[in-house]
$ cat model-v5.csv   # CSV, C-alpha atoms and all ligand atoms
chain,number,residue,atom,x,y,z
A,20,MET,CA,-40.7,-18.8,-7.1
A,21,ALA,CA,-38.6,-21.9,-7.9
A,22,ILE,CA,-35.7,-20.6,-5.9
A,23,LYS,CA,-36.5,-19.5,-2.4
A,24,ALA,CA,-34.9,-16.5,-0.6
A,25,PRO,CA,-32.1,-17.9,1.7
A,26,ARG,CA,-32.3,-17.7,5.4
A,27,ILE,CA,-29.8,-14.9,6.4
A,28,GLU,CA,-28.1,-14.1,9.7
A,29,PRO,CA,-28.5,-10.3,10.2
A,30,LEU,CA,-25.3,-8.3,10.0
A,31,ASP,CA,-25.6,-7.2,13.7
A,32,ILE,CA,-25.4,-10.9,14.6
A,33,LEU,CA,-22.6,-11.7,12.1
A,34,LEU,CA,-20.5,-8.8,13.1
A,35,PRO,CA,-18.8,-8.7,16.6
A,36,ALA,CA,-20.4,-6.3,19.1
A,37,GLU,CA,-17.1,-4.5,19.4
A,38,PRO,CA,-15.2,-4.2,16.1
A,39,LEU,CA,-11.9,-6.0,15.9
A,40,LEU,CA,-8.9,-3.7,15.9
A,41,MET,CA,-7.5,-4.1,12.4
A,42,MET,CA,-3.7,-4.2,12.9
A,43,GLY,CA,-2.7,-6.5,10.1
A,44,ALA,CA,-1.3,-5.8,6.6
A,45,GLY,CA,-4.5,-4.0,5.6
A,46,PRO,CA,-7.3,-3.0,5.5
A,47,VAL,CA,-6.6,-0.6,8.3
A,48,PRO,CA,-9.0,1.4,10.7
A,49,ILE,CA,-10.5,4.5,9.1
A,50,PRO,CA,-11.1,7.9,10.7
A,51,ALA,CA,-14.7,8.9,11.5
A,52,ARG,CA,-14.7,11.5,8.7
A,53,VAL,CA,-13.7,8.9,6.1
A,54,ALA,CA,-16.4,6.5,7.4
A,55,HIS,CA,-19.1,9.3,7.3
A,56,ALA,CA,-18.1,10.3,3.7
A,57,ASN,CA,-18.3,6.7,2.7
A,58,SER,CA,-22.0,6.6,3.7
A,59,ILE,CA,-23.0,9.3,1.1
A,60,VAL,CA,-24.1,8.6,-2.5
A,61,ILE,CA,-24.1,11.6,-4.9
A,62,ASN,CA,-24.5,12.0,-8.7
A,63,HIS,CA,-21.5,10.5,-10.4
A,64,LEU,CA,-21.5,13.2,-13.2
A,65,GLY,CA,-22.7,16.3,-11.3
A,66,GLU,CA,-20.9,19.6,-10.5
A,67,THR,CA,-20.3,18.5,-6.9
A,68,LEU,CA,-18.4,15.4,-7.7
A,69,ALA,CA,-16.4,17.3,-10.4
A,70,ARG,CA,-15.2,19.7,-7.6
A,71,VAL,CA,-14.5,16.8,-5.3
A,72,ILE,CA,-12.4,15.1,-8.1
A,73,ALA,CA,-10.5,18.3,-8.7
A,74,GLN,CA,-9.6,18.5,-5.0
A,75,VAL,CA,-8.7,14.8,-4.9
A,76,GLN,CA,-6.3,15.4,-7.8
A,77,SER,CA,-4.6,18.4,-6.2
A,78,MET,CA,-4.3,16.7,-2.8
A,79,ALA,CA,-3.0,13.5,-4.6
A,80,ARG,CA,-0.3,15.7,-6.3
A,81,TYR,CA,0.9,16.7,-2.9
A,82,VAL,CA,0.8,13.2,-1.5
A,83,PHE,CA,2.6,11.7,-4.6
A,84,GLN,CA,4.9,14.8,-4.7
A,85,THR,CA,4.3,15.4,-8.4
A,86,GLU,CA,3.2,18.3,-10.6
A,87,SER,CA,2.0,15.9,-13.3
A,88,PRO,CA,-1.6,16.4,-14.4
A,89,TRP,CA,-2.1,12.7,-14.9
A,90,ILE,CA,-3.7,11.6,-11.7
A,91,LEU,CA,-6.4,9.0,-12.2
A,92,GLY,CA,-8.6,7.0,-9.9
A,93,VAL,CA,-9.8,3.5,-10.4
A,94,ALA,CA,-12.8,1.6,-9.0
A,95,GLY,CA,-11.0,-1.5,-7.7
A,96,PRO,CA,-8.3,-2.7,-5.3
A,97,GLY,CA,-4.7,-1.7,-5.3
A,98,SER,CA,-4.2,-4.5,-7.8
A,99,ALA,CA,-6.5,-2.8,-10.2
A,100,ALA,CA,-4.2,0.3,-10.1
A,101,MET,CA,-1.2,-2.0,-10.7
A,102,GLU,CA,-3.0,-3.6,-13.6
A,103,MET,CA,-4.0,-0.2,-15.0
A,104,SER,CA,-0.3,0.8,-15.1
A,105,ILE,CA,0.7,-2.5,-16.8
A,106,THR,CA,-2.2,-2.9,-19.2
A,107,ASN,CA,-1.6,0.6,-20.6
A,108,LEU,CA,2.2,0.7,-20.7
A,109,VAL,CA,2.9,-2.9,-21.8
A,110,TRP,CA,1.7,-4.6,-25.0
A,111,PRO,CA,2.7,-7.8,-26.9
A,112,GLY,CA,6.5,-7.8,-27.1
A,113,THR,CA,7.2,-5.0,-24.6
A,114,LYS,CA,10.3,-5.8,-22.6
A,115,VAL,CA,9.7,-5.6,-18.9
A,116,LEU,CA,12.2,-6.0,-16.1
A,117,ALA,CA,10.4,-6.9,-12.8
A,118,VAL,CA,12.4,-6.5,-9.6
A,119,ARG,CA,11.1,-9.4,-7.5
A,120,ASN,CA,11.4,-9.7,-3.8
A,121,GLY,CA,8.0,-11.0,-2.8
A,122,TYR,CA,4.5,-11.7,-3.7
A,123,PHE,CA,3.4,-8.3,-4.9
A,124,SER,CA,6.4,-7.6,-7.1
A,125,GLU,CA,5.7,-11.0,-8.7
A,126,ARG,CA,2.1,-9.9,-9.3
A,127,PHE,CA,3.5,-7.1,-11.6
A,128,ALA,CA,5.4,-9.7,-13.6
A,129,GLU,CA,2.4,-11.9,-13.9
A,130,MET,CA,0.2,-9.0,-15.0
A,131,ALA,CA,2.8,-8.0,-17.7
A,132,ARG,CA,3.0,-11.6,-19.0
A,133,ARG,CA,-0.8,-11.7,-19.3
A,134,VAL,CA,-0.8,-8.8,-21.7
A,135,GLY,CA,2.0,-10.3,-23.8
A,136,GLY,CA,4.9,-8.6,-22.2
A,137,ASP,CA,8.4,-10.1,-22.6
A,138,VAL,CA,9.1,-10.3,-18.9
A,139,THR,CA,12.5,-10.8,-17.2
A,140,THR,CA,12.5,-11.1,-13.4
A,141,LEU,CA,15.3,-9.9,-11.3
A,142,ASP,CA,15.1,-12.1,-8.2
A,143,VAL,CA,16.3,-10.7,-4.9
A,144,PRO,CA,16.6,-13.1,-1.9
A,145,LEU,CA,13.7,-12.7,0.4
A,146,GLY,CA,14.2,-10.0,3.1
A,147,GLU,CA,16.9,-8.3,1.0
A,148,VAL,CA,16.9,-5.4,-1.5
A,149,ILE,CA,18.3,-5.4,-5.0
A,150,ASP,CA,22.0,-4.8,-5.4
A,151,LEU,CA,22.4,-1.7,-7.7
A,152,ALA,CA,25.3,-3.1,-9.7
A,153,GLN,CA,23.2,-6.2,-10.4
A,154,LEU,CA,20.3,-3.9,-11.5
A,155,GLU,CA,22.6,-2.0,-13.8
A,156,GLU,CA,23.8,-5.2,-15.4
A,157,ALA,CA,20.3,-6.4,-15.9
A,158,LEU,CA,19.1,-3.1,-17.5
A,159,GLU,CA,22.1,-3.3,-19.9
A,160,ARG,CA,21.3,-7.0,-20.8
A,161,VAL,CA,17.5,-6.8,-21.0
A,162,ARG,CA,17.1,-3.2,-22.3
A,163,PRO,CA,13.5,-3.0,-20.9
A,164,ALA,CA,10.9,-0.4,-21.8
A,165,VAL,CA,9.4,-0.7,-18.4
A,166,LEU,CA,10.8,-1.6,-15.0
A,167,THR,CA,8.5,-2.6,-12.1
A,168,VAL,CA,9.3,-2.5,-8.4
A,169,ALA,CA,7.4,-2.6,-5.1
A,170,HIS,CA,8.5,0.4,-3.0
A,171,GLY,CA,7.4,-1.6,0.1
A,172,GLU,CA,7.0,-5.3,-0.5
A,173,THR,CA,4.4,-6.0,2.1
A,174,SER,CA,4.5,-9.8,1.8
A,175,SER,CA,8.1,-10.1,2.9
A,176,THR,CA,8.1,-6.8,4.9
A,177,THR,CA,11.0,-5.6,2.7
A,178,PHE,CA,11.6,-1.9,2.0
A,179,ASN,CA,13.2,-1.1,-1.3
A,180,HIS,CA,14.5,2.0,0.3
A,181,HIS,CA,16.7,3.0,-2.7
A,182,LEU,CA,13.9,3.6,-5.1
A,183,ALA,CA,15.5,6.9,-6.1
A,184,ASP,CA,18.7,5.1,-7.2
A,185,ILE,CA,16.7,2.4,-9.0
A,186,ALA,CA,14.8,5.1,-10.9
A,187,ARG,CA,18.0,7.0,-11.7
A,188,LEU,CA,19.6,3.9,-13.2
A,189,ALA,CA,16.4,3.1,-15.1
A,190,ARG,CA,16.3,6.6,-16.5
A,191,LYS,CA,19.9,6.3,-17.7
A,192,ALA,CA,18.8,3.2,-19.5
A,193,GLY,CA,15.8,4.9,-21.1
A,194,CYS,CA,13.3,2.8,-19.2
A,195,LEU,CA,10.1,3.8,-17.5
A,196,VAL,CA,9.7,3.0,-13.8
A,197,VAL,CA,6.5,1.8,-12.3
A,198,ALA,CA,6.4,1.7,-8.5
A,199,ASP,CA,3.8,0.0,-6.3
A,200,ALA,CA,3.4,2.3,-3.2
A,201,VAL,CA,0.2,0.6,-1.9
A,202,CYS,CA,1.7,0.3,1.6
A,203,THR,CA,4.2,3.1,1.6
A,204,LEU,CA,2.5,6.2,0.1
A,205,SER,CA,2.0,8.9,2.8
A,206,THR,CA,3.9,6.7,5.4
A,207,THR,CA,7.5,7.3,4.2
A,208,PRO,CA,9.0,9.8,1.7
A,209,LEU,CA,8.3,9.1,-1.9
A,210,LEU,CA,9.2,12.0,-4.2
A,211,MET,CA,7.7,11.0,-7.6
A,212,ASP,CA,9.1,14.0,-9.5
A,213,ALA,CA,12.4,14.5,-7.7
A,214,TRP,CA,13.2,10.8,-8.1
A,215,ASP,CA,11.9,10.6,-11.6
A,216,VAL,CA,9.5,7.8,-11.0
A,217,ASP,CA,7.1,7.5,-14.0
A,218,VAL,CA,4.1,5.7,-12.4
A,219,VAL,CA,3.1,5.4,-8.8
A,220,VAL,CA,0.1,3.2,-7.8
A,221,THR,CA,-1.6,3.0,-4.5
A,222,GLY,CA,-4.7,1.4,-2.9
A,223,GLY,CA,-7.1,3.1,-0.5
A,224,GLN,CA,-7.0,0.7,2.5
A,225,LYS,CA,-3.3,0.8,3.6
A,226,GLY,CA,-1.1,3.9,3.9
A,227,LEU,CA,-4.0,6.3,3.1
A,228,SER,CA,-6.3,4.9,5.7
A,229,SER,CA,-9.3,5.0,3.4
A,230,ILE,CA,-11.7,2.2,2.4
A,231,PRO,CA,-10.7,-0.7,0.2
A,232,GLY,CA,-12.0,-0.5,-3.4
A,233,VAL,CA,-11.0,2.9,-4.7
A,234,SER,CA,-7.3,3.3,-5.8
A,235,LEU,CA,-5.1,6.0,-7.3
A,236,ILE,CA,-2.5,6.1,-10.0
A,237,ALA,CA,-0.2,9.0,-10.9
A,238,LEU,CA,1.6,9.0,-14.3
A,239,SER,CA,4.4,11.2,-15.6
A,240,GLN,CA,4.1,13.0,-18.9
A,241,ARG,CA,6.6,10.4,-20.3
A,242,ALA,CA,4.4,7.6,-19.2
A,243,TRP,CA,1.4,9.3,-20.7
A,244,ASP,CA,3.2,9.9,-24.0
A,245,ARG,CA,3.9,6.1,-24.2
A,246,ILE,CA,0.2,5.4,-23.6
A,247,GLU,CA,-0.6,7.9,-26.5
A,248,SER,CA,1.8,6.0,-28.7
A,249,ARG,CA,0.3,2.6,-28.2
A,250,PRO,CA,-0.1,0.6,-31.4
A,251,ALA,CA,-3.6,-0.6,-30.4
A,252,ASP,CA,-6.1,0.0,-27.6
A,253,PRO,CA,-5.4,-1.8,-24.3
A,254,PRO,CA,-7.2,-5.1,-23.8
A,255,HIS,CA,-9.1,-4.1,-20.6
A,256,TRP,CA,-11.8,-1.6,-21.3
A,257,CYS,CA,-12.4,-0.6,-17.7
A,258,LEU,CA,-8.7,0.0,-17.1
A,259,ASP,CA,-8.1,2.0,-20.2
A,260,ALA,CA,-6.3,5.1,-19.0
A,261,LYS,CA,-7.5,7.3,-21.9
A,262,LEU,CA,-11.1,6.3,-21.2
A,263,ALA,CA,-10.5,6.9,-17.5
A,264,ALA,CA,-9.2,10.4,-18.3
A,265,GLN,CA,-12.6,11.1,-19.8
A,266,PHE,CA,-14.0,11.0,-16.3
A,267,TRP,CA,-11.1,12.2,-14.3
A,268,HIS,CA,-10.2,15.1,-16.5
A,269,HIS,CA,-13.3,16.0,-18.5
A,270,ALA,CA,-16.2,15.1,-16.1
A,271,SER,CA,-17.7,12.9,-18.7
A,272,TYR,CA,-18.9,9.3,-18.5
A,273,HIS,CA,-16.5,6.3,-18.5
A,274,TYR,CA,-18.3,4.0,-16.0
A,275,THR,CA,-20.3,4.9,-12.9
A,276,ALA,CA,-17.6,6.1,-10.5
A,277,PRO,CA,-17.6,4.8,-6.9
A,278,THR,CA,-18.9,8.1,-5.6
A,279,SER,CA,-19.0,7.1,-1.9
A,280,GLY,CA,-15.5,5.7,-2.1
A,281,ILE,CA,-14.2,8.9,-3.8
A,282,LEU,CA,-15.7,11.0,-1.1
A,283,ALA,CA,-14.0,8.8,1.5
A,284,LEU,CA,-10.7,9.1,-0.3
A,285,HIS,CA,-11.2,12.9,-0.4
A,286,GLU,CA,-11.5,12.9,3.4
A,287,ALA,CA,-8.5,10.6,3.8
A,288,LEU,CA,-6.4,12.9,1.6
A,289,HIS,CA,-7.6,16.0,3.3
A,290,LEU,CA,-6.6,14.5,6.7
A,291,ILE,CA,-3.1,13.9,5.3
A,292,CYS,CA,-2.9,17.5,4.0
A,293,GLN,CA,-3.9,18.8,7.4
A,294,GLU,CA,-1.4,16.6,9.2
A,295,THR,CA,1.3,17.4,6.6
A,296,LEU,CA,3.5,14.7,5.1
A,297,GLU,CA,6.5,15.7,7.3
A,298,ARG,CA,4.5,15.0,10.5
A,299,ARG,CA,2.9,12.0,9.1
A,300,PHE,CA,6.2,10.4,8.2
A,301,ALA,CA,7.6,11.3,11.7
A,302,ARG,CA,4.5,9.6,13.3
A,303,HIS,CA,4.9,6.5,11.2
A,304,ALA,CA,8.7,6.2,11.7
A,305,GLY,CA,8.3,6.9,15.5
A,306,CYS,CA,5.4,4.5,16.1
A,307,SER,CA,6.9,1.7,14.0
A,308,THR,CA,10.3,2.0,15.6
A,309,ALA,CA,8.7,2.0,19.1
A,310,MET,CA,6.7,-1.1,18.2
A,311,GLN,CA,9.8,-2.9,16.7
A,312,ARG,CA,11.8,-2.1,19.8
A,313,ALA,CA,9.0,-3.4,22.0
A,314,ILE,CA,8.8,-6.6,20.1
A,315,GLU,CA,12.5,-7.2,20.5
A,316,ALA,CA,12.1,-6.4,24.2
A,317,LEU,CA,9.5,-9.2,24.4
A,318,GLY,CA,12.3,-11.5,23.4
A,319,LEU,CA,11.2,-12.1,19.8
A,320,THR,CA,13.1,-11.6,16.5
A,321,LEU,CA,12.2,-9.2,13.7
A,322,TYR,CA,12.4,-10.6,10.2
A,323,GLY,CA,14.9,-9.5,7.5
A,324,GLN,CA,18.0,-7.3,7.4
A,325,PRO,CA,17.7,-4.2,9.6
A,326,ALA,CA,18.5,-1.8,6.6
A,327,SER,CA,15.7,-3.2,4.4
A,328,ARG,CA,13.0,-3.6,7.0
A,329,LEU,CA,9.7,-2.0,6.1
A,330,HIS,CA,8.3,0.4,8.7
A,331,SER,CA,4.7,0.1,7.3
A,332,VAL,CA,4.4,-3.6,8.1
A,333,ILE,CA,6.5,-5.3,10.8
A,334,GLY,CA,7.5,-8.9,10.2
A,335,ILE,CA,8.1,-11.1,13.3
A,336,GLU,CA,9.6,-14.5,13.3
A,337,VAL,CA,7.4,-17.1,15.0
A,338,PRO,CA,9.3,-19.2,17.6
A,339,ALA,CA,9.8,-22.9,16.9
A,340,GLY,CA,6.9,-25.0,18.0
A,341,ILE,CA,4.3,-22.3,17.5
A,342,ASP,CA,2.1,-22.2,14.4
A,343,ARG,CA,1.6,-18.7,12.8
A,344,ARG,CA,-2.0,-19.5,12.0
A,345,GLN,CA,-2.6,-20.2,15.7
A,346,VAL,CA,-1.1,-16.8,16.6
A,347,CYS,CA,-3.5,-15.0,14.3
A,348,ALA,CA,-6.5,-17.0,15.4
A,349,HIS,CA,-5.8,-16.7,19.1
A,350,ILE,CA,-5.1,-12.9,19.1
A,351,SER,CA,-8.3,-12.4,17.2
A,352,ALA,CA,-10.6,-14.6,19.3
A,353,ARG,CA,-9.1,-13.8,22.7
A,354,TYR,CA,-8.0,-10.2,22.4
A,355,ARG,CA,-10.1,-8.9,19.5
A,356,VAL,CA,-7.1,-7.7,17.5
A,357,GLU,CA,-6.4,-8.8,13.9
A,358,ILE,CA,-2.9,-9.3,12.7
A,359,SER,CA,-1.7,-11.1,9.5
A,360,GLY,CA,0.2,-14.3,8.8
A,361,SER,CA,2.2,-14.3,5.6
A,362,PHE,CA,2.4,-15.9,2.2
A,363,GLY,CA,4.8,-18.8,2.8
A,364,LEU,CA,7.3,-17.2,5.3
A,365,ASP,CA,7.2,-18.3,8.9
A,366,ILE,CA,6.4,-14.8,10.2
A,367,VAL,CA,3.4,-12.9,11.5
A,368,ARG,CA,2.9,-9.3,10.4
A,369,ILE,CA,1.7,-6.2,12.3
A,370,GLY,CA,0.7,-3.2,10.3
A,371,GLN,CA,1.9,0.3,10.9
A,372,MET,CA,-0.1,2.3,8.3
A,373,GLY,CA,-2.3,5.4,8.8
A,374,GLU,CA,-4.6,5.0,11.8
A,375,GLN,CA,-2.7,1.9,13.0
A,376,CYS,CA,0.1,4.3,14.1
A,377,ARG,CA,-1.7,5.7,17.2
A,378,ALA,CA,-0.3,5.2,20.7
A,379,HIS,CA,-3.5,3.6,22.1
A,380,HIS,CA,-3.6,1.1,19.2
A,381,LEU,CA,0.1,0.3,19.8
A,382,PHE,CA,-0.4,-0.4,23.5
A,383,ARG,CA,-3.4,-2.6,22.9
A,384,THR,CA,-1.7,-4.5,20.2
A,385,LEU,CA,1.5,-5.1,22.1
A,386,HIS,CA,-0.6,-6.4,25.1
A,387,ALA,CA,-2.6,-8.6,22.8
A,388,PHE,CA,0.3,-9.9,20.9
A,389,GLY,CA,2.6,-10.5,23.9
A,390,SER,CA,-0.2,-12.2,25.8
A,391,THR,CA,-1.0,-14.4,22.8
A,392,MET,CA,2.6,-15.5,22.5
A,393,ARG,CA,2.6,-16.3,26.3
A,394,ASP,CA,-0.7,-18.1,26.0
A,395,LEU,CA,0.8,-20.3,23.2
A,396,GLY,CA,3.9,-21.2,25.3
A,397,ALA,CA,6.5,-18.7,24.2
A,398,GLN,CA,8.9,-17.1,26.7
A,399,VAL,CA,8.1,-13.4,26.5
A,400,ASP,CA,8.8,-10.4,28.8
A,401,LEU,CA,5.6,-8.3,28.6
A,402,PRO,CA,6.5,-5.7,31.3
A,403,ALA,CA,9.9,-5.0,29.6
A,404,ALA,CA,8.2,-4.7,26.2
A,405,ALA,CA,5.5,-2.3,27.5
A,406,ALA,CA,8.3,-0.2,29.2
A,407,GLU,CA,10.2,-0.1,26.0
A,408,LEU,CA,7.2,1.0,24.0
A,409,GLU,CA,6.5,3.7,26.5
A,410,ARG,CA,10.1,4.9,26.6
A,411,THR,CA,10.4,5.1,22.8
A,412,LEU,CA,7.1,6.8,22.3
A,413,GLN,CA,8.0,9.4,25.0
A,414,ARG,CA,11.1,10.3,23.0
A,415,MET,CA,8.9,11.4,20.0
A,416,HIS,CA,7.5,14.9,20.0
A,417,ASP,CA,4.2,14.8,21.9
A,418,ASP,CA,2.4,16.5,19.0
A,419,VAL,CA,3.4,13.9,16.5
A,420,ILE,CA,1.2,11.0,17.7
A,501,LIG,C1,-1.9,-4.9,-0.4
A,501,LIG,C2,-0.9,-4.7,-1.5
A,501,LIG,C3,-1.3,-4.8,-2.9
A,501,LIG,C4,-2.6,-5.3,-3.3
A,501,LIG,O1,-3.6,-4.4,-2.9
A,501,LIG,P1,-5.1,-5.0,-3.1
A,501,LIG,O2,-5.9,-3.8,-2.7
A,501,LIG,O3,-5.2,-6.2,-2.2
A,501,LIG,O4,-5.3,-5.4,-4.5
A,501,LIG,C5,-0.3,-4.5,-3.8
A,501,LIG,N1,0.9,-4.2,-3.4
A,501,LIG,C6,1.3,-4.0,-2.2
A,501,LIG,C7,2.7,-3.6,-1.8
A,501,LIG,C8,0.4,-4.2,-1.2
A,501,LIG,O5,0.7,-4.1,0.1

$ encode --input "model-v5.csv" --output "structure tokens"
Amino acid sequence: MAIKAPRIEPLDILLPAEPLLMMGAGPVPIPARVAHANSIVINHLGETLARVIAQVQSMARYVFQTESPWILGVAGPGSAAMEMSITNLVWPGTKVLAVRNGYFSERFAEMARRVGGDVTTLDVPLGEVIDLAQLEEALERVRPAVLTVAHGETSSTTFNHHLADIARLARKAGCLVVADAVCTLSTTPLLMDAWDVDVVVTGGQKGLSSIPGVSLIALSQRAWDRIESRPADPPHWCLDAKLAAQFWHHASYHYTAPTSGILALHEALHLICQETLERRFARHAGCSTAMQRAIEALGLTLYGQPASRLHSVIGIEVPAGIDRRQVCAHISARYRVEISGSFGLDIVRIGQMGEQCRAHHLFRTLHAFGSTMRDLGAQVDLPAAAAELERTLQRMHDDVI
């Protein structure tokens, strides 16, 4: 052979003996049932997978809070689900209004430009949410066919909490609403039908606490009708919603589905159904609030306006003189906990999605984070923070955590 096999470090050497606790902005820890399902490979066209798919769809309808039949999966990251929505609903000349308050909402705008959309962005100052009067004015001026918005803008830890109002104004203007719920779905209420949101996209590895690489998209009948009315086939064959429906609705071949990932997603959704959305939302709100109060008790400052702070991912301002990259490197190396930096802002981010919202993870993370800040020279009050975390968690119903 001209090219020799490379010398490889075995995975058990490459991976740490004890897995790092994944407390960043995703991927998040997965439950044992999800991990087990992910280790199984089955026939991608058999009767068994067809039954699994039917259950994934009905559980997804509960999680998205929709009765729409149009639930599709996609082999790919959350971004692939975003691109599937854009590439099917937007074509050359389609007017798109993109509400932009961070990196992921900009991604929607970029995807729409790439398929020839006529994109107008509505820029919101970082850490704030869109003013509804401003939105109404923009809808009137642009007359878009499609509006895009991130329900939770993970990058700037901003929560577009008035998605229902955004959708109401868009509906009045005759415009379809596409919402990115990658970090929010199943962590905070999102009522797709009641709020009249046309498309909701999500990934596996954040709110749902499944593996990265298999994502979900739910479309309203209105959105589906627009896809049916396209003047030409969409440019991306793999992301063509009508071809995907062949597999997701007719058990026939589009491409080889990620069977293990779909089994994992089935388990993640089943766990959500068993917990119920009500209890899951209460667990997320309770854990995230407790963590936020604890961080303030440390003596640090949360990022953004209180009303628009995202519960799913907490942004924390890094004190002057400390480098955010150093915070992430130190907490990982010394305390075996992973947290995230950010794209441009001087903040670090701690995730509160799915399995991250468990009391034992919160205590370990607070200890690791507070100790890291102390190690790097910040003035922090660790005992006060631990007491605050304990106090706030105790106030939640015992059965929620
Ligand atoms: C993580 C994230 C994405 C991108 O998901 P990938 O799986 O990395 O493609 C998109 N939108 C939001 C809000 C996210 O948090």

$ residues_near_point --input "model-v5.csv" --point "(-5.7, -11.6, 19.9)" --cutoff "10 Å" --atoms "only C-alpha atoms" --output "JSON, numbers by chain"
{"A": [39, 40, 346, 347, 348, 349, 350, 351, 352, 353, 354, 355, 356, 357, 358, 383, 384, 385, 386, 387, 388, 389, 390, 391, 392]}

$ atom_distance --input "model-v5.csv" --atom1 "atom CA of Val82 of chain A" --atom2 "atom CA of Ser359 of chain A"
26.8 Å

$ atom_distance --input "model-v5.csv" --atom1 "atom CA of Ser307 of chain A" --atom2 "atom CA of Val197 of chain A"
26.3 Å

$ closest_residue --input "model-v5.csv" --among "A:Tyr122, A:Trp89, A:Tyr322, A:Tyr81" --to "Gln265 of chain A" --atoms "only C-alpha atoms"
A:Trp89

$ residues_around --input "model-v5.csv" --residues "Ile72 of chain A" --least-positions-apart "2" --cutoff "9 Å" --atoms "only C-alpha atoms" --output "mmCIF file with C-alpha atoms, in the coordinates of the input"
data_model
loop_
_atom_site.group_PDB
_atom_site.id
_atom_site.type_symbol
_atom_site.label_atom_id
_atom_site.label_comp_id
_atom_site.auth_asym_id
_atom_site.auth_seq_id
_atom_site.Cartn_x
_atom_site.Cartn_y
_atom_site.Cartn_z
ATOM 1 C CA THR A 67 -20.300 18.500 -6.900
ATOM 2 C CA LEU A 68 -18.400 15.400 -7.700
ATOM 3 C CA ALA A 69 -16.400 17.300 -10.400
ATOM 4 C CA ARG A 70 -15.200 19.700 -7.600
ATOM 5 C CA GLN A 74 -9.600 18.500 -5.000
ATOM 6 C CA VAL A 75 -8.700 14.800 -4.900
ATOM 7 C CA GLN A 76 -6.300 15.400 -7.800
ATOM 8 C CA SER A 77 -4.600 18.400 -6.200
ATOM 9 C CA TRP A 267 -11.100 12.200 -14.300
ATOM 10 C CA HIS A 268 -10.200 15.100 -16.500
ATOM 11 C CA ALA A 270 -16.200 15.100 -16.100
ATOM 12 C CA ILE A 281 -14.200 8.900 -3.800
ATOM 13 C CA LEU A 282 -15.700 11.000 -1.100
ATOM 14 C CA HIS A 285 -11.200 12.900 -0.400
#

$ closest_residue --input "model-v5.csv" --among "A:Leu235, A:Ala44, A:Ala339, A:Ile32" --to "ligand LIG 501 (chain A)" --atoms "all atoms listed in the file"
A:Ala44

$ atom_distance --input "model-v5.csv" --atom1 "atom CA of Ala51 of chain A" --atom2 "atom CA of Gly360 of chain A"
27.7 Å

$ closest_residue --input "model-v5.csv" --among "A:Arg328, A:Ala316, A:Ala192, A:Gly305" --to "Pro402 of chain A" --atoms "all atoms listed in the file"
A:Ala316

$ residues_near_ligand --input "model-v5.csv" --ligand "ligand LIG 501 (chain A)" --cutoff "9 Å" --atoms "all atoms listed in the file" --output "short mmCIF file (atom, residue, chain, number, x, y, z; two decimals) with C-alpha atoms, in the coordinates of the input"
data_model
loop_
_atom_site.label_atom_id
_atom_site.label_comp_id
_atom_site.auth_asym_id
_atom_site.auth_seq_id
_atom_site.Cartn_x
_atom_site.Cartn_y
_atom_site.Cartn_z
CA ALA A 44 -1.30 -5.80 6.60
CA GLY A 45 -4.50 -4.00 5.60
CA PRO A 46 -7.30 -3.00 5.50
CA GLY A 95 -11.00 -1.50 -7.70
CA PRO A 96 -8.30 -2.70 -5.30
CA GLY A 97 -4.70 -1.70 -5.30
CA SER A 98 -4.20 -4.50 -7.80
CA ALA A 99 -6.50 -2.80 -10.20
CA ALA A 100 -4.20 0.30 -10.10
CA MET A 101 -1.20 -2.00 -10.70
CA TYR A 122 4.50 -11.70 -3.70
CA PHE A 123 3.40 -8.30 -4.90
CA SER A 124 6.40 -7.60 -7.10
CA ARG A 126 2.10 -9.90 -9.30
CA ALA A 169 7.40 -2.60 -5.10
CA HIS A 170 8.50 0.40 -3.00
CA GLY A 171 7.40 -1.60 0.10
CA GLU A 172 7.00 -5.30 -0.50
CA THR A 173 4.40 -6.00 2.10
CA SER A 174 4.50 -9.80 1.80
CA ASP A 199 3.80 0.00 -6.30
CA ALA A 200 3.40 2.30 -3.20
CA VAL A 201 0.20 0.60 -1.90
CA CYS A 202 1.70 0.30 1.60
CA THR A 203 4.20 3.10 1.60
CA VAL A 220 0.10 3.20 -7.80
CA THR A 221 -1.60 3.00 -4.50
CA GLY A 222 -4.70 1.40 -2.90
CA GLY A 223 -7.10 3.10 -0.50
CA GLN A 224 -7.00 0.70 2.50
CA LYS A 225 -3.30 0.80 3.60
CA PRO A 231 -10.70 -0.70 0.20
CA GLY A 232 -12.00 -0.50 -3.40
CA VAL A 233 -11.00 2.90 -4.70
CA SER A 234 -7.30 3.30 -5.80
CA VAL A 332 4.40 -3.60 8.10
#

$ residues_around --input "model-v5.csv" --residues "Ala157 of chain A" --least-positions-apart "5" --cutoff "10 Å" --atoms "only C-alpha atoms" --output "PyMOL selection string"
chain A and resi 116+139-141+151-152+162-163

$ closest_residue --input "model-v5.csv" --among "A:Glu409, A:Arg344, A:Arg299, A:Gly280" --to "Val53 of chain A" --atoms "only C-alpha atoms"
A:Gly280

$ closest_residue --input "model-v5.csv" --among "A:Gln413, A:Thr295, A:Thr176, A:Thr278" --to "Ile366 of chain A" --atoms "only C-alpha atoms"
A:Thr176

$ residues_around --input "model-v5.csv" --residues "Ala260 of chain A" --least-positions-apart "3" --cutoff "12 Å" --atoms "all atoms listed in the file" --output "PyMOL selection string"
chain A and resi 89-93+99-100+102-108+235-238+242-247+249+252-257+263-268+273
